[in-house]
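These notes concern the structure reproduced below.
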Amino acid sequence: MKIWEYVVVIVIIIMIMLAIGYYFIKKYAKEILKDVVKDVVNELTEEVEKEVEKEFTTMHHLPIRKKGFTEMPAVPFSITETIETIVKLGLRTQETKMAKSGLSTEYTIQGETQSGYTFMYDDAPIDTGEEERMSLLKRLETSVESEFLNKETLHAHLEKASFSAYPKRGKTFTDFFLGKPTDFSMSWTNYYNVYEDNIKTRGDKYASILTDPEEATKQFWPMIAENGLAYNLLFLQKVEKLCLKKVKSIFHKEWDGLLKPIQEEGLLYAIDLTIFNNWDANKVDGFDRWTPGAFIILEQDKDTKKLRPICVQISNSTEAHIYTPHNTQDNTTNTGATWIYALAAARTAVTVYGIWLGHVYHWHIVSAPMQMTLFNNVKKDHDLRKLLDPQSKSLIGFNDTLLLLWKTIGPPTSFSTPDSFLELTNTFATGREFFEDDPKVALDNLGLNKDDFTDKEDWDRYPIVKQLLYFWDASEGMVDVFVETTYKNDAAVSNDTQLQKWMTASSNVEEGNVRGLPKMDSKKALKSVLTSLVYRVVAHGNSRQMRSLGPGLSFVANYPPCIQNATIVKPDDATFKIDDILGYLPNTGTIGSMMTFYYIFIFSAPYEPLLPLFGNDTDLYFSDPNDPRNIALEAFRKAIEIFIIDHSGENSPLIHQWPASIET
């Protein structure tokens with residue numbers, strides 16, 4: 001056979017092989033490709049599931065149940081978020097330098113003339129907490145989360161954060177008790193014209209509550225009703241039902257002749273702060289820090305709807321005394337000094353309630369475990385996360401930082417250890433359910449209605465109620481659209497397995513331990529929970545507004561964080577004079593600690609504002625700008641913007657000062 005014939009044969013064979021190969025590839029390639037793709041997809045799915053599983057198990061909580069705190073919600077812990085918060089807190093401290101530097105007005109106390117800053121901080125640097133922050137940061141960075149979740153190790157860290165009782169140091173300017181009531185203006189900084197704007201119009205007025213019993217009586221309720229927004233002071237109750245029984249028991253001597261006729265007219269109200277009887281005074285820097293137990297009885301004017309205190313019980317764990325304007329008059333000078341004392345002690349109880357229970361419990365403590373269980377059970381791409389994540393970014397880290405840096409960033413109350421705060425919270429939470437924190441439920445439970453507190457405008461005798469209801473209505477409007485758009489019917493709610501896992505975990509005593517959550521089987525039930533969560537976060541944002549903390553709260557005589565002499569002054573003590581009250585109220589160092597606490601709120605920028613810098617129609621939660629949920633979000637933001645502008649009064653409205661999340 002010739003060579004060219006061999007070539008032809010080889011070519012034919014190759015062509016036949018190619019044809020056969022093409023046939024088999026055509027016939028089986030699709031199946032082979034399917035198997036290959038299937039293997040790849042399965043591998044990728046396994047990786048995704050691993051990542052998702054990781055995402056669902058990264059957030060844990062502190063072992064507070066092992067310490068006996070079984071009634072309160074869980075306290076989530078994240079070592080990463082805590083480190084981030086500590087770093088950011090350091091930056092915030094730098095932002096407050098201008099405000100602290102503005103404490104330059106001079107005062108003369110005990111013959112010493114110094115600036116307000118020197119009296120409040122002596123010669124300390126403006127950032128007095130840097131050493132504690134750096135120490136904690138180092139411990140966190142060299143630890144693992146499981147260590148902090150160990151009961152014994154956690155206790156050791158909390159001990160480091162606590163104030164310890166020790167004798168008085170060598171005398172410093174921070175040890176001075178004020179010489180006259182107007183000296184309380186030393187906390188008004190010259191930065192932002194706070195001092196200049198308020199000293200002439202409010203300085204003498206506020207100071208008069210410590211010199212004039214009638215002014216102390218007159219200003220008591222309006223100071224709470226008009227300035228208690230940041231402290232969520234929704235605690236006044238009508239004297240009826242269970243409250244009536246307790247009032248009759250405590251004030252049995254005053255009942256028939258004084259209180260019964262007022263109660264029968266429906267004009268008797270009470271503020272029950274006897275919860276503080278459970279804790280005695282602590283000593284910090286050699287001085288008492290005491291929160292009195294207080295039970296305050298107020299009478300309402302039938303025509304003007306104004307309220308004024310008429311009976312006050314001040315108590316501790318072993319003794320209690322009742323004060324009225326009549327049994328506290330000095331027969332010689334008729335000064336009413338012990339009545340002024342009783343109202344100052346009552347204002348202290350109001351302040352401590354506002355800090356730890358009105359503000360921190362309602363807005364921090366209950367919200368955090370709900371966020372933790374959300375993160376652990378609902379995927380990031382779920383619409384629930386798209387709604388809630390933008391407002392759930394900083395709370396857990398801040399709560400942990402507060403516990404671990406207690407003596408540095410905590411306000412100077414008698415709760416001088418994290419454990420004592422947890423004891424208070426656990427006591428308050430006993431028998432308390434989730435929805436009791438909502439303003440409309442609270443008003444119903446307290447027996448309060450709009451007509452009883454309306455003179456010329458709705459709620460004008462209890463303005464913070466109107467403001468809290470405003471936040472509630474704004475939150476409810478956005479949530480209503482979200483639920484109606486996201487869930488077609490009640491069955492869609494019931495069939496959302498991630499939602500169901502979230503609610504189950506939130507209620508579980510070993511996980512969220514949040515009590516009173518509804519069975520999640522309807523759009524109505526879902527709306528109630530989501531509205532409450534959104535409301536808590538947005539209501540907390542008011543605390544960062546200048547109007548919320550100053551000038552009323554920052555004039556510390558109005559809202560004392562502690563009494564510095566725990567001996568109870570008896571109502572008929574004729575030796576007690578008006579000037580003596582200054583030895584019971586916060587001294588210069590305590591005022592300084594309170595200002596450090598306040599200034600972080602109002603003189604530092606939020607990490608992320610609720611109202612986006614470039615307009616309410618930017619940074620939307622959902623991809624389609626025309627999504628009804630985005631339109632509802634814009635309306636929600638607009639409502640808060642309107643509130644900020646209206647609430648700022650003469651001050652320039654800082655609309656971007658309202659934070660998106662609970663971060664302080």
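Identifiers in this document derive from the order of the structure tokens: chains are assigned A, B, ..., residues are numbered from 1 separately in each chain, and ligands are numbered from 1 in order of occurrence.
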Which parts of region 369-449 of chain A does DSSP call alpha helix (DSSP H) when run on the backbone here, written out as a CSV table (one decimal) with N, CA and C atoms, in the first residue's frame?
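Result went into part.csv, see below:
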```csv
chain,number,residue,atom,x,y,z
A,369,PRO,N,-31.3,42.1,74.4
A,369,PRO,CA,-31.5,40.7,74.1
A,369,PRO,C,-32.4,40.4,72.9
A,370,MET,N,-33.3,41.4,72.6
A,370,MET,CA,-34.1,41.2,71.4
A,370,MET,C,-33.2,41.4,70.2
A,371,GLN,N,-32.2,42.2,70.2
A,371,GLN,CA,-31.3,42.3,69.1
A,371,GLN,C,-30.4,41.1,69.0
A,372,MET,N,-30.0,40.6,70.2
A,372,MET,CA,-29.1,39.4,70.2
A,372,MET,C,-29.8,38.2,69.5
A,373,THR,N,-31.0,38.0,70.0
A,373,THR,CA,-31.8,36.8,69.4
A,373,THR,C,-32.2,37.0,68.0
A,374,LEU,N,-32.3,38.3,67.5
A,374,LEU,CA,-32.6,38.6,66.1
A,374,LEU,C,-31.3,38.2,65.3
A,375,PHE,N,-30.1,38.6,65.8
A,375,PHE,CA,-28.9,38.3,65.1
A,375,PHE,C,-28.7,36.8,65.0
A,376,ASN,N,-29.0,36.1,66.0
A,376,ASN,CA,-28.8,34.7,66.1
A,376,ASN,C,-29.7,33.8,65.3
A,377,ASN,N,-30.9,34.3,65.0
A,377,ASN,CA,-31.9,33.5,64.4
A,377,ASN,C,-32.5,34.0,63.0
A,383,ASP,N,-36.0,40.5,55.4
A,383,ASP,CA,-36.6,41.8,55.5
A,383,ASP,C,-36.6,42.4,56.9
A,384,LEU,N,-36.8,41.5,57.9
A,384,LEU,CA,-36.8,41.9,59.3
A,384,LEU,C,-35.4,42.6,59.7
A,385,ARG,N,-34.3,42.0,59.2
A,385,ARG,CA,-33.0,42.5,59.4
A,385,ARG,C,-32.8,43.8,58.7
A,386,LYS,N,-33.4,43.9,57.5
A,386,LYS,CA,-33.3,45.2,56.8
A,386,LYS,C,-33.9,46.3,57.5
A,387,LEU,N,-35.0,46.0,58.2
A,387,LEU,CA,-35.7,47.0,59.0
A,387,LEU,C,-35.0,47.4,60.2
A,388,LEU,N,-34.5,46.4,61.0
A,388,LEU,CA,-34.0,46.6,62.3
A,388,LEU,C,-32.5,46.8,62.4
A,395,LEU,N,-25.7,49.1,70.6
A,395,LEU,CA,-26.2,48.9,72.0
A,395,LEU,C,-25.5,47.9,72.8
A,396,ILE,N,-25.3,46.7,72.2
A,396,ILE,CA,-24.7,45.6,73.0
A,396,ILE,C,-23.3,46.0,73.5
A,397,GLY,N,-22.5,46.5,72.6
A,397,GLY,CA,-21.2,46.9,73.0
A,397,GLY,C,-21.2,48.0,74.0
A,398,PHE,N,-22.1,49.0,74.0
A,398,PHE,CA,-22.1,50.0,75.0
A,398,PHE,C,-22.6,49.4,76.3
A,399,ASN,N,-23.6,48.6,76.4
A,399,ASN,CA,-24.0,48.0,77.6
A,399,ASN,C,-22.8,47.3,78.3
A,400,ASP,N,-22.1,46.5,77.5
A,400,ASP,CA,-20.9,45.8,78.1
A,400,ASP,C,-19.9,46.7,78.6
A,401,THR,N,-19.6,47.8,77.8
A,401,THR,CA,-18.6,48.8,78.2
A,401,THR,C,-19.0,49.5,79.5
A,402,LEU,N,-20.3,49.8,79.7
A,402,LEU,CA,-20.8,50.4,80.9
A,402,LEU,C,-20.5,49.6,82.1
A,403,LEU,N,-20.8,48.3,82.0
A,403,LEU,CA,-20.6,47.4,83.1
A,403,LEU,C,-19.1,47.3,83.4
A,404,LEU,N,-18.2,47.2,82.4
A,404,LEU,CA,-16.8,47.0,82.6
A,404,LEU,C,-16.0,48.3,82.9
A,406,TRP,N,-17.5,50.9,84.8
A,406,TRP,CA,-18.5,51.5,85.7
A,406,TRP,C,-18.1,52.7,86.4
A,407,LYS,N,-16.9,52.7,87.0
A,407,LYS,CA,-16.5,53.9,87.8
A,407,LYS,C,-16.0,55.0,86.9
A,408,THR,N,-15.8,54.7,85.6
A,408,THR,CA,-15.3,55.8,84.7
A,408,THR,C,-16.4,56.5,84.0
A,409,ILE,N,-17.4,55.7,83.5
A,409,ILE,CA,-18.4,56.3,82.6
A,409,ILE,C,-19.8,56.3,83.3
A,418,PRO,N,-21.3,47.3,89.4
A,418,PRO,CA,-22.2,46.7,88.3
A,418,PRO,C,-23.2,45.8,89.0
A,419,ASP,N,-22.7,45.0,90.0
A,419,ASP,CA,-23.6,44.0,90.6
A,419,ASP,C,-24.8,44.7,91.3
A,420,SER,N,-24.6,45.8,91.9
A,420,SER,CA,-25.7,46.5,92.6
A,420,SER,C,-26.7,47.0,91.5
A,421,PHE,N,-26.2,47.5,90.4
A,421,PHE,CA,-27.1,47.9,89.3
A,421,PHE,C,-27.9,46.7,88.8
A,422,LEU,N,-27.2,45.5,88.6
A,422,LEU,CA,-27.9,44.3,88.2
A,422,LEU,C,-29.0,43.9,89.2
A,423,GLU,N,-28.7,44.0,90.5
A,423,GLU,CA,-29.6,43.7,91.5
A,423,GLU,C,-30.9,44.6,91.4
A,424,LEU,N,-30.6,45.9,91.2
A,424,LEU,CA,-31.8,46.9,91.0
A,424,LEU,C,-32.6,46.5,89.8
A,425,THR,N,-31.9,46.2,88.7
A,425,THR,CA,-32.6,45.9,87.5
A,425,THR,C,-33.4,44.6,87.6
A,426,ASN,N,-32.8,43.6,88.3
A,426,ASN,CA,-33.5,42.3,88.5
A,426,ASN,C,-34.7,42.5,89.3
A,427,THR,N,-34.6,43.3,90.4
A,427,THR,CA,-35.8,43.6,91.2
A,427,THR,C,-36.9,44.3,90.5
A,428,PHE,N,-36.5,45.3,89.7
A,428,PHE,CA,-37.5,46.0,88.9
A,428,PHE,C,-38.2,45.1,87.9
A,429,ALA,N,-37.4,44.2,87.3
A,429,ALA,CA,-38.0,43.3,86.2
A,429,ALA,C,-38.9,42.2,86.8
A,439,PRO,N,-45.6,53.2,76.0
A,439,PRO,CA,-46.2,54.4,76.7
A,439,PRO,C,-47.8,54.2,76.8
A,440,LYS,N,-48.4,53.7,75.8
A,440,LYS,CA,-49.9,53.6,75.9
A,440,LYS,C,-50.3,52.5,77.0
A,441,VAL,N,-49.6,51.4,77.0
A,441,VAL,CA,-49.8,50.4,78.1
A,441,VAL,C,-49.5,51.0,79.5
A,442,ALA,N,-48.4,51.7,79.6
A,442,ALA,CA,-48.0,52.4,80.8
A,442,ALA,C,-49.1,53.3,81.3
A,443,LEU,N,-49.6,54.2,80.4
A,443,LEU,CA,-50.6,55.2,80.8
A,443,LEU,C,-51.9,54.5,81.3
A,444,ASP,N,-52.2,53.4,80.7
A,444,ASP,CA,-53.4,52.7,81.1
A,444,ASP,C,-53.2,52.1,82.5
A,445,ASN,N,-52.0,51.5,82.7
A,445,ASN,CA,-51.7,50.8,84.0
A,445,ASN,C,-51.6,51.9,85.1
A,446,LEU,N,-51.2,53.1,84.8
A,446,LEU,CA,-51.0,54.1,85.8
A,446,LEU,C,-52.3,54.9,86.0
```
With a distance cut-off of 10 Å and only C-alpha atoms, select the neighbouring residues of Leu526 (chain A), excluding the residue or stretch itself and same-chain residues fewer than 5 positions from it, and output the selection as a list in words.
Val479, Asp480, Val483, Asp490, Val493, Ser494, Leu499, Met503, Leu517, Pro518, Lys519, Met520, Asp521 and Thr531 of chain A
File dump, residues just selected, N, CA and C atoms, as a PDB file, in the first residue's frame:
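The file below, part15.pdb, is the result:
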```pdb
ATOM      1  N   VAL A 479     -43.858  50.848  61.012  1.00  0.00           N
ATOM      2  CA  VAL A 479     -43.979  49.405  61.198  1.00  0.00           C
ATOM      3  C   VAL A 479     -45.236  48.873  60.524  1.00  0.00           C
ATOM      4  N   ASP A 480     -46.314  49.615  60.591  1.00  0.00           N
ATOM      5  CA  ASP A 480     -47.564  49.176  59.966  1.00  0.00           C
ATOM      6  C   ASP A 480     -47.369  48.936  58.467  1.00  0.00           C
ATOM      7  N   VAL A 483     -45.056  45.754  57.837  1.00  0.00           N
ATOM      8  CA  VAL A 483     -45.703  44.451  58.013  1.00  0.00           C
ATOM      9  C   VAL A 483     -46.719  44.198  56.903  1.00  0.00           C
ATOM     10  N   ASP A 490     -51.935  36.672  57.832  1.00  0.00           N
ATOM     11  CA  ASP A 490     -51.488  36.129  59.116  1.00  0.00           C
ATOM     12  C   ASP A 490     -50.720  34.830  58.946  1.00  0.00           C
ATOM     13  N   VAL A 493     -47.074  35.249  58.470  1.00  0.00           N
ATOM     14  CA  VAL A 493     -46.363  35.491  59.733  1.00  0.00           C
ATOM     15  C   VAL A 493     -46.103  34.166  60.441  1.00  0.00           C
ATOM     16  N   SER A 494     -47.122  33.350  60.538  1.00  0.00           N
ATOM     17  CA  SER A 494     -46.984  32.048  61.215  1.00  0.00           C
ATOM     18  C   SER A 494     -45.971  31.150  60.527  1.00  0.00           C
ATOM     19  N   LEU A 499     -38.631  34.137  61.827  1.00  0.00           N
ATOM     20  CA  LEU A 499     -39.345  34.974  62.784  1.00  0.00           C
ATOM     21  C   LEU A 499     -39.753  34.160  64.007  1.00  0.00           C
ATOM     22  N   MET A 503     -38.641  34.789  68.005  1.00  0.00           N
ATOM     23  CA  MET A 503     -39.544  35.002  69.122  1.00  0.00           C
ATOM     24  C   MET A 503     -39.373  33.927  70.197  1.00  0.00           C
ATOM     25  N   LEU A 517     -43.919  38.233  75.610  1.00  0.00           N
ATOM     26  CA  LEU A 517     -44.024  38.363  74.155  1.00  0.00           C
ATOM     27  C   LEU A 517     -45.214  37.553  73.664  1.00  0.00           C
ATOM     28  N   PRO A 518     -45.927  38.035  72.656  1.00  0.00           N
ATOM     29  CA  PRO A 518     -47.148  37.346  72.212  1.00  0.00           C
ATOM     30  C   PRO A 518     -46.839  36.139  71.336  1.00  0.00           C
ATOM     31  N   LYS A 519     -47.797  35.259  71.187  1.00  0.00           N
ATOM     32  CA  LYS A 519     -47.699  34.186  70.199  1.00  0.00           C
ATOM     33  C   LYS A 519     -47.660  34.837  68.825  1.00  0.00           C
ATOM     34  N   MET A 520     -46.663  34.500  68.034  1.00  0.00           N
ATOM     35  CA  MET A 520     -46.451  35.201  66.769  1.00  0.00           C
ATOM     36  C   MET A 520     -47.258  34.517  65.655  1.00  0.00           C
ATOM     37  N   ASP A 521     -48.575  34.779  65.646  1.00  0.00           N
ATOM     38  CA  ASP A 521     -49.451  34.111  64.690  1.00  0.00           C
ATOM     39  C   ASP A 521     -50.302  35.092  63.881  1.00  0.00           C
ATOM     40  N   THR A 531     -43.104  47.560  66.670  1.00  0.00           N
ATOM     41  CA  THR A 531     -43.320  48.962  67.058  1.00  0.00           C
ATOM     42  C   THR A 531     -42.622  49.263  68.379  1.00  0.00           C
TER      43      THR A 531
END
```
To one decimal place, how far is CA of Ile296 (chain A) from CA of Thr274 (chain A) in Å?
9.7 Å
Residue neighbourhood Asn316 (chain A), 8 Å, only C-alpha atoms, exclusion window fewer than 2 positions, as a PDB file with C-alpha atoms, in the first residue's frame:
```pdb
ATOM      1  CA  PHE A 276     -34.719  52.055  96.670  1.00  0.00           C
ATOM      2  CA  ASN A 277     -35.322  50.956 100.278  1.00  0.00           C
ATOM      3  CA  ASN A 278     -33.557  47.728  99.327  1.00  0.00           C
ATOM      4  CA  TRP A 279     -30.112  49.333  99.096  1.00  0.00           C
ATOM      5  CA  ASP A 280     -28.133  51.196 101.701  1.00  0.00           C
ATOM      6  CA  PRO A 292     -33.518  57.494  99.415  1.00  0.00           C
ATOM      7  CA  GLY A 293     -36.655  55.483  99.120  1.00  0.00           C
ATOM      8  CA  ILE A 314     -38.380  59.430 102.792  1.00  0.00           C
ATOM      9  CA  THR A 318     -34.719  50.587 108.638  1.00  0.00           C
ATOM     10  CA  GLU A 319     -36.609  53.862 109.082  1.00  0.00           C
ATOM     11  CA  ALA A 320     -39.158  56.062 107.337  1.00  0.00           C
TER      12      ALA A 320
END
```
So which residues touch Pro612 (chain A) within 8 Å, counting only C-alpha atoms, skipping near sequence neighbours fewer than 5 positions away, as number ranges by chain?
A: 618-619, 656
Selected residues written out with all heavy atoms, as a tab-separated table (two decimals), in the first residue's frame:
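Result written to again.tsv:
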```
chain	number	residue	atom	x	y	z
A	618	THR	N	-32.23	59.29	51.24
A	618	THR	CA	-31.00	58.55	50.97
A	618	THR	C	-30.81	57.48	52.03
A	618	THR	O	-31.51	57.46	53.05
A	618	THR	CB	-29.78	59.50	50.97
A	618	THR	OG1	-29.64	60.09	52.28
A	618	THR	CG2	-29.97	60.61	49.95
A	619	ASP	N	-29.85	56.56	51.79
A	619	ASP	CA	-29.57	55.46	52.72
A	619	ASP	C	-30.86	54.72	53.10
A	619	ASP	O	-31.15	54.48	54.28
A	619	ASP	CB	-28.89	55.98	54.00
A	619	ASP	CG	-27.52	56.56	53.71
A	619	ASP	OD1	-26.90	56.15	52.71
A	619	ASP	OD2	-27.07	57.42	54.49
A	656	HIS	N	-28.91	66.22	62.91
A	656	HIS	CA	-28.07	65.04	62.75
A	656	HIS	C	-27.44	64.58	64.07
A	656	HIS	O	-26.60	63.68	64.07
A	656	HIS	CB	-26.99	65.30	61.69
A	656	HIS	CG	-27.56	65.68	60.36
A	656	HIS	ND1	-28.36	64.83	59.63
A	656	HIS	CD2	-27.46	66.82	59.63
A	656	HIS	CE1	-28.74	65.43	58.51
A	656	HIS	NE2	-28.20	66.64	58.50
```
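Going from CA of Val350 (chain A) over to CA of Tyr323 (chain A), you cover 16.9 Å.
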CA of Leu89 (chain A) and CA of Glu159 (chain A) are how many Å apart?
20.9 Å
Pull the strand (DSSP E or B) assignments for region 265-325 of chain A out of DSSP run on the backbone, and list those residues as a PyMOL selection string.
chain A and resi 268-273+282-284+287-290+293-300+307-315+320-323
Take the selection from the previous step and output its residues with C-alpha atoms, as a PDB file, in the first residue's frame.
```
ATOM      1  CA  LEU A 268     -54.746  62.464  94.208  1.00  0.00           C
ATOM      2  CA  TYR A 269     -51.631  61.145  92.461  1.00  0.00           C
ATOM      3  CA  ALA A 270     -48.495  59.333  93.592  1.00  0.00           C
ATOM      4  CA  ILE A 271     -44.929  58.505  92.577  1.00  0.00           C
ATOM      5  CA  ASP A 272     -43.783  55.304  94.269  1.00  0.00           C
ATOM      6  CA  LEU A 273     -39.983  55.027  94.455  1.00  0.00           C
ATOM      7  CA  ASN A 282     -22.225  53.427  99.690  1.00  0.00           C
ATOM      8  CA  LYS A 283     -19.104  55.459 100.309  1.00  0.00           C
ATOM      9  CA  VAL A 284     -17.115  56.782  97.353  1.00  0.00           C
ATOM     10  CA  PHE A 287     -18.468  60.514 101.056  1.00  0.00           C
ATOM     11  CA  ASP A 288     -21.876  58.878 101.283  1.00  0.00           C
ATOM     12  CA  ARG A 289     -23.777  58.187  98.113  1.00  0.00           C
ATOM     13  CA  TRP A 290     -27.349  57.383  99.035  1.00  0.00           C
ATOM     14  CA  GLY A 293     -36.655  55.483  99.120  1.00  0.00           C
ATOM     15  CA  ALA A 294     -39.387  57.998  98.320  1.00  0.00           C
ATOM     16  CA  PHE A 295     -43.160  57.945  98.105  1.00  0.00           C
ATOM     17  CA  ILE A 296     -44.500  61.256  96.845  1.00  0.00           C
ATOM     18  CA  ILE A 297     -48.159  62.266  97.063  1.00  0.00           C
ATOM     19  CA  LEU A 298     -49.356  65.083  94.798  1.00  0.00           C
ATOM     20  CA  GLU A 299     -52.600  67.023  94.672  1.00  0.00           C
ATOM     21  CA  GLN A 300     -54.023  68.262  91.392  1.00  0.00           C
ATOM     22  CA  LEU A 307     -49.885  69.278  90.478  1.00  0.00           C
ATOM     23  CA  ARG A 308     -48.001  69.989  93.696  1.00  0.00           C
ATOM     24  CA  PRO A 309     -46.507  67.624  96.287  1.00  0.00           C
ATOM     25  CA  ILE A 310     -48.329  67.607  99.616  1.00  0.00           C
ATOM     26  CA  CYS A 311     -46.873  64.549 101.397  1.00  0.00           C
ATOM     27  CA  VAL A 312     -43.513  62.830 101.033  1.00  0.00           C
ATOM     28  CA  GLN A 313     -42.188  59.716 102.717  1.00  0.00           C
ATOM     29  CA  ILE A 314     -38.380  59.430 102.792  1.00  0.00           C
ATOM     30  CA  SER A 315     -37.061  56.055 103.900  1.00  0.00           C
ATOM     31  CA  ALA A 320     -39.158  56.062 107.337  1.00  0.00           C
ATOM     32  CA  HIS A 321     -40.451  59.578 107.953  1.00  0.00           C
ATOM     33  CA  ILE A 322     -43.366  61.489 106.477  1.00  0.00           C
ATOM     34  CA  TYR A 323     -43.084  65.181 105.611  1.00  0.00           C
TER      35      TYR A 323
END
```
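Checking A:Thr430, A:Gln237, A:Thr80, A:Asn626 one by one against Gly447 (chain A), counting only C-alpha atoms, you find the shortest gap at A:Gln237.
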